[in-house]
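*Asks:* Pasting in a structure now, in structure tokens, and then I'll have a few things to ask.
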Amino acid sequence: MIYVLNVDVHNRQPNGGTKQLHRLVDVLNEIGREAVLVNCLPGFRMGWFENTTPVKWIVDVVFEDGDVLVLPEMIQMWPHLETLSKATKVVYNQNYWFTFNLFCDWENSMPVQYDRIRQFYFEDVSHILACSAYNQSFLEFMFPHLDVHRIRYSFDRGPFGYEAARKKQLCYMTRRRSSEAERLLEMLNTRGSLMGWDVVRIENMNEVQVADVMRDSAIFLSMSHRDGFGMPPVEAMACGCVVVGFAGVGGEEFFGHDFSVQAKEDDLLDFGRKLVPFLGMDLSMLEKLGRRASDYAVSEYSSARERESIRMAFERMGV
């Protein structure tokens with residue numbers, strides 16, 4: 001049995017990493033591996049996105065020899081690793097930055113316990129799963145003794161999908177760099193570049209509502225910051241948005257096209273200069289770019305490629 005541990009049950013707000021833990025369980029079952037999501041709170045199930053992922057609660061799980069336990073990189077939130085000795089441990093790292101949060105006691109202002117990080121990754125962990133090319137390279141450099149397997153996300157599934165009708169509307173997520181986004185918009189508004197444009201701030205929305213906003217919008221502002229991948233920009237591309245902004249390092253692999261333009265990190269002036277030409281385009285041109293963005297997102301990050309990457313990773317791990 002493959003158990004995928006979800007420790008982030010106290011955060012009931014939309015969180016891409018949590019959604020991908022559910023997705024990993026679903027795909028593992030699709031390809032013939034028996035897998036279940038393990039939540040720490042009895043009776044708890046994520047409700048901000050639709051899912052039928054099989055769930056168990058940690059109090060009901062008895063680990064046996066041969067079981068595999070997939071742990072998130074935010075494992076400092078799980079205090080009882082020593083009780084899981086029978087299971088083979090695999091870390092699913094969706095953000096290289098959070099690797100350093102391992103065993104850090106933020107509530108009591110305790111520093112990162114690097115000796116425990118080394119012990120955990122050198123003695124307990126057998127393999128690492130990574131969500132992007134950069135995440136994989138970072139982890140291979142940090143842990144040269146471990147095999148790091150890239151598994152892909154997919155964006156060719158609902159609720160995200162292309163629609164041709166566009167508004168002169170741009171949108172962005174407020175969860176990242178919201179103060180920088182506001183300053184960018186103030187700068188553009190002052191110089192008159194936002195005349196005729198509506199701005200939608202994506203916050204306190206479920207997944208379906210987010211997709212609806214993205215399908216209505218012509219441009220998505222990427223405010224990614226220290227992300228292992230950064231799903232919102234690709235979700236926006238799948239919906240037909242042109243994407244402009246910060247790649248957050250992990251997202252560099254899907255920037256560099258005429259429909260996805262990267263700004264220099266922390267440089268609002270460069271962000272504004274990259275964005276203004278799109279604000280001056282006819283809506284018909286933006287729709288053509290958005291169509292290409294969607295085609296790219298759903299082919300580069302397809303369910304078929306996702307399934308194959310997961311199948312190959314677990315095959316190489318001997319699972």
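By convention in this document, the chains of the structure tokens carry letters A, B, ... by their order, each chain's residues are numbered from 1, and ligands are numbered from 1 in the order they are shown.
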Near Asp26 (chain A), within 9 Å and counting only C-alpha atoms, which residues show up once chain neighbours fewer than 2 positions away are dropped, as a PDB file with C-alpha atoms, in the first residue's frame?
*Replies:*
```
ATOM      1  CA  LEU A  21      -1.160  15.299  -3.114  1.00  0.00           C
ATOM      2  CA  HIS A  22      -4.740  14.265  -3.881  1.00  0.00           C
ATOM      3  CA  ARG A  23      -3.907  14.083  -7.569  1.00  0.00           C
ATOM      4  CA  LEU A  24      -0.893  11.852  -6.920  1.00  0.00           C
ATOM      5  CA  LEU A  28      -1.391   6.011  -8.611  1.00  0.00           C
ATOM      6  CA  ASN A  29      -4.720   4.210  -8.403  1.00  0.00           C
ATOM      7  CA  GLU A  30      -5.363   4.817 -12.111  1.00  0.00           C
ATOM      8  CA  ILE A  31      -2.102   3.086 -13.040  1.00  0.00           C
ATOM      9  CA  ALA A  35      -2.800   4.283  -2.815  1.00  0.00           C
ATOM     10  CA  VAL A  36      -4.665   6.335  -0.236  1.00  0.00           C
ATOM     11  CA  THR A  52     -13.208  11.574  -4.757  1.00  0.00           C
ATOM     12  CA  THR A  53      -9.709  10.683  -3.554  1.00  0.00           C
ATOM     13  CA  PRO A  54      -9.708   7.717  -1.157  1.00  0.00           C
TER      14      PRO A  54
END
```
*Asks:* To one decimal in Å, tell me the separation between CA of Val213 (chain A) and CA of Gly256 (chain A).
*Replies:*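 Spanning CA of Val213 (chain A) to CA of Gly256 (chain A) is a straight-line distance of 24.0 Å.
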*Asks:* Closest to Phe49 (chain A) among A:Thr18, A:Asn135, A:Ser154, A:Asn6, using only C-alpha atoms?
*Replies:*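 The closest residue to Phe49 (chain A) is A:Thr18.
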*Asks:* Would you please work out which residue, of A:Thr190, A:Asn51, A:Ser299, A:Ser222, is nearest to Ser178 (chain A) when using only C-alpha atoms?
*Replies:*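 Among the listed residues, the smallest separation from Ser178 (chain A) belongs to A:Ser222.
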*Asks:* I'd like the neighbourhood of Ser294 (chain A) as a PyMOL selection string, where a residue qualifies if any of its atoms comes within 12 Å (using only C-alpha atoms), though same-chain residues fewer than 2 positions away should be ignored.
*Replies:* chain A and resi 155-157+160-164+214-215+218+233-243+254+259-260+287-292+296-302
*Asks:* To test your reading of the structure, identify every residue in region 126-312 of chain A that backbone DSSP assigns to strand (DSSP E or B), and report it as a PyMOL selection string.
*Replies:* chain A and resi 126-130+147-150+169-173+198-202+219-227+242-249+257+260-262
*Asks:* Convert the current residue selection to file output with N, CA and C atoms, as a tab-separated table (two decimals), in the first residue's frame.
*Replies:*
```
chain	number	residue	atom	x	y	z
A	126	SER	N	14.36	7.20	1.16
A	126	SER	CA	14.93	6.35	0.11
A	126	SER	C	14.94	7.02	-1.26
A	127	HIS	N	13.96	7.87	-1.54
A	127	HIS	CA	13.85	8.56	-2.82
A	127	HIS	C	13.17	9.91	-2.62
A	128	ILE	N	13.32	10.80	-3.61
A	128	ILE	CA	12.62	12.09	-3.61
A	128	ILE	C	11.89	12.24	-4.94
A	129	LEU	N	10.68	12.74	-4.87
A	129	LEU	CA	9.91	13.14	-6.05
A	129	LEU	C	9.95	14.66	-6.15
A	130	ALA	N	10.16	15.19	-7.35
A	130	ALA	CA	10.25	16.63	-7.56
A	130	ALA	C	9.26	17.06	-8.63
A	147	ASP	N	18.27	9.34	-5.31
A	147	ASP	CA	17.65	9.46	-6.63
A	147	ASP	C	16.47	10.43	-6.52
A	148	VAL	N	16.46	11.43	-7.40
A	148	VAL	CA	15.38	12.41	-7.43
A	148	VAL	C	14.63	12.23	-8.74
A	149	HIS	N	13.34	11.96	-8.67
A	149	HIS	CA	12.53	11.65	-9.84
A	149	HIS	C	11.58	12.80	-10.13
A	150	ARG	N	11.61	13.29	-11.35
A	150	ARG	CA	10.69	14.37	-11.77
A	150	ARG	C	9.34	13.77	-12.11
A	169	GLN	N	-9.58	42.38	-19.48
A	169	GLN	CA	-9.50	42.13	-18.04
A	169	GLN	C	-8.18	41.43	-17.74
A	170	LEU	N	-7.51	41.88	-16.69
A	170	LEU	CA	-6.35	41.16	-16.20
A	170	LEU	C	-6.62	40.72	-14.77
A	171	CYS	N	-5.98	39.62	-14.37
A	171	CYS	CA	-6.23	39.07	-13.04
A	171	CYS	C	-4.92	38.61	-12.43
A	172	TYR	N	-4.95	38.45	-11.12
A	172	TYR	CA	-3.78	37.93	-10.42
A	172	TYR	C	-4.20	37.37	-9.09
A	173	MET	N	-3.36	36.46	-8.56
A	173	MET	CA	-3.57	35.87	-7.24
A	173	MET	C	-2.99	36.79	-6.17
A	198	ASP	N	-10.21	46.16	-16.86
A	198	ASP	CA	-10.67	45.78	-15.53
A	198	ASP	C	-9.61	44.92	-14.87
A	199	VAL	N	-9.53	45.04	-13.55
A	199	VAL	CA	-8.58	44.24	-12.77
A	199	VAL	C	-9.37	43.40	-11.77
A	200	VAL	N	-9.10	42.09	-11.77
A	200	VAL	CA	-9.77	41.18	-10.83
A	200	VAL	C	-8.71	40.55	-9.93
A	201	ARG	N	-8.89	40.73	-8.64
A	201	ARG	CA	-8.01	40.12	-7.65
A	201	ARG	C	-8.60	38.78	-7.24
A	202	ILE	N	-7.85	37.72	-7.45
A	202	ILE	CA	-8.35	36.38	-7.15
A	202	ILE	C	-8.04	36.05	-5.69
A	219	ILE	N	-5.25	38.62	-19.68
A	219	ILE	CA	-3.88	38.64	-19.16
A	219	ILE	C	-3.89	38.19	-17.70
A	220	PHE	N	-2.91	37.37	-17.36
A	220	PHE	CA	-2.69	36.96	-15.98
A	220	PHE	C	-1.35	37.50	-15.53
A	221	LEU	N	-1.33	38.16	-14.37
A	221	LEU	CA	-0.09	38.67	-13.80
A	221	LEU	C	0.49	37.61	-12.87
A	222	SER	N	1.66	37.12	-13.18
A	222	SER	CA	2.29	36.10	-12.36
A	222	SER	C	3.10	36.75	-11.25
A	223	MET	N	2.69	36.50	-10.02
A	223	MET	CA	3.37	37.05	-8.85
A	223	MET	C	4.11	35.94	-8.08
A	224	SER	N	4.53	34.93	-8.80
A	224	SER	CA	5.21	33.78	-8.17
A	224	SER	C	6.45	34.24	-7.41
A	225	HIS	N	6.70	33.53	-6.30
A	225	HIS	CA	7.85	33.90	-5.45
A	225	HIS	C	8.37	32.65	-4.76
A	226	ARG	N	9.62	32.28	-5.06
A	226	ARG	CA	10.25	31.11	-4.45
A	226	ARG	C	9.36	29.88	-4.56
A	227	ASP	N	8.85	29.62	-5.75
A	227	ASP	CA	7.97	28.49	-5.98
A	227	ASP	C	8.74	27.32	-6.57
A	242	VAL	N	-2.73	35.27	-21.63
A	242	VAL	CA	-1.33	35.63	-21.77
A	242	VAL	C	-0.79	35.84	-20.36
A	243	VAL	N	0.41	35.35	-20.09
A	243	VAL	CA	0.98	35.45	-18.75
A	243	VAL	C	2.22	36.33	-18.79
A	244	VAL	N	2.27	37.30	-17.88
A	244	VAL	CA	3.42	38.20	-17.76
A	244	VAL	C	3.78	38.29	-16.28
A	245	GLY	N	5.08	38.22	-15.98
A	245	GLY	CA	5.46	38.45	-14.59
A	245	GLY	C	6.61	37.62	-14.10
A	246	PHE	N	6.61	37.39	-12.79
A	246	PHE	CA	7.70	36.71	-12.12
A	246	PHE	C	7.54	35.19	-12.24
A	247	ALA	N	8.66	34.51	-12.46
A	247	ALA	CA	8.64	33.06	-12.61
A	247	ALA	C	8.79	32.34	-11.28
A	248	GLY	N	9.27	33.03	-10.25
A	248	GLY	CA	9.47	32.38	-8.96
A	248	GLY	C	10.50	31.28	-8.99
A	249	VAL	N	11.43	31.33	-9.92
A	249	VAL	CA	12.52	30.38	-10.14
A	249	VAL	C	12.01	29.06	-10.70
A	257	HIS	N	8.07	32.38	-23.97
A	257	HIS	CA	7.29	32.32	-25.21
A	257	HIS	C	6.65	33.69	-25.45
A	260	SER	N	4.06	33.97	-22.80
A	260	SER	CA	4.47	33.89	-21.39
A	260	SER	C	5.80	34.60	-21.23
A	261	VAL	N	5.76	35.83	-20.77
A	261	VAL	CA	6.91	36.71	-20.74
A	261	VAL	C	7.36	36.94	-19.30
A	262	GLN	N	8.61	36.63	-19.04
A	262	GLN	CA	9.14	36.72	-17.69
A	262	GLN	C	9.73	38.09	-17.39
```
*Asks:* My list of candidates is A:Leu275, A:Leu69, A:Val55, A:Ile151. Which is closest to Met312 (chain A) when distances are computed with only C-alpha atoms?
*Replies:*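 Of A:Leu275, A:Leu69, A:Val55, A:Ile151, the one nearest Met312 (chain A) is A:Ile151, counting only C-alpha atoms.
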*Asks:* Which residues are near Leu71 (chain A)? Cut-off 9 Å, only C-alpha atoms, ignore same chain within fewer than 5 positions. Put them as a list in words.
*Replies:*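 What passes the distance filter is Tyr3, Val4, Leu5, Asn6, Val7, Lys89, Val90, Val91, Tyr92 and Asn93 of chain A.
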*Asks:* Would you mind exporting the chosen residues as a compact mmCIF listing (two decimals), in the first residue's frame, restricted to C-alpha atoms?
*Replies:*
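Everything below was put into again_15.txt:
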```txt
# COMPACT_ATOMS: atom_id res chain seq x y z
CA TYR A 3 0.16 6.12 1.79
CA VAL A 4 0.41 9.82 0.88
CA LEU A 5 0.50 11.95 4.01
CA ASN A 6 -1.30 15.30 4.04
CA VAL A 7 -0.16 17.31 7.06
CA LYS A 89 9.79 6.84 3.15
CA VAL A 90 9.67 8.94 -0.02
CA VAL A 91 9.55 12.75 0.03
CA TYR A 92 7.34 14.50 -2.53
CA ASN A 93 9.04 17.90 -2.67
```
*Asks:* I'd like the interatomic distance between CA of Cys40 (chain A) and CA of Asp60 (chain A), to a tenth of an Å.
*Replies:*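 A separation of 10.0 Å between them.
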*Asks:* I want to know what sits within 10 Å of Glu203 (chain A), based on only C-alpha atoms, with residues of the same chain fewer than 3 positions away left out; could you give that as a list in words?
*Replies:*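 Contacts, in chain order: Gln13, Pro14, Tyr172, Met173, Thr174, Arg175, Val200, Asn206, Gln209 and Val210 of chain A.
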*Asks:* Excluding Leu283 (chain A) and residues on its chain fewer than 5 positions from it, collect all residues at most 8 Å away from it, counting only C-alpha atoms, and give them as JSON, numbers by chain.
*Replies:* {"A": [166, 167, 168, 218]}
*Asks:* Find the spatial neighbours of Val319 (chain A), counting only C-alpha atoms, within a cut-off of 9 Å - ignore same-chain residues fewer than 6 positions away - and output them as a PyMOL selection string.
*Replies:* chain A and resi 2+33+68+313
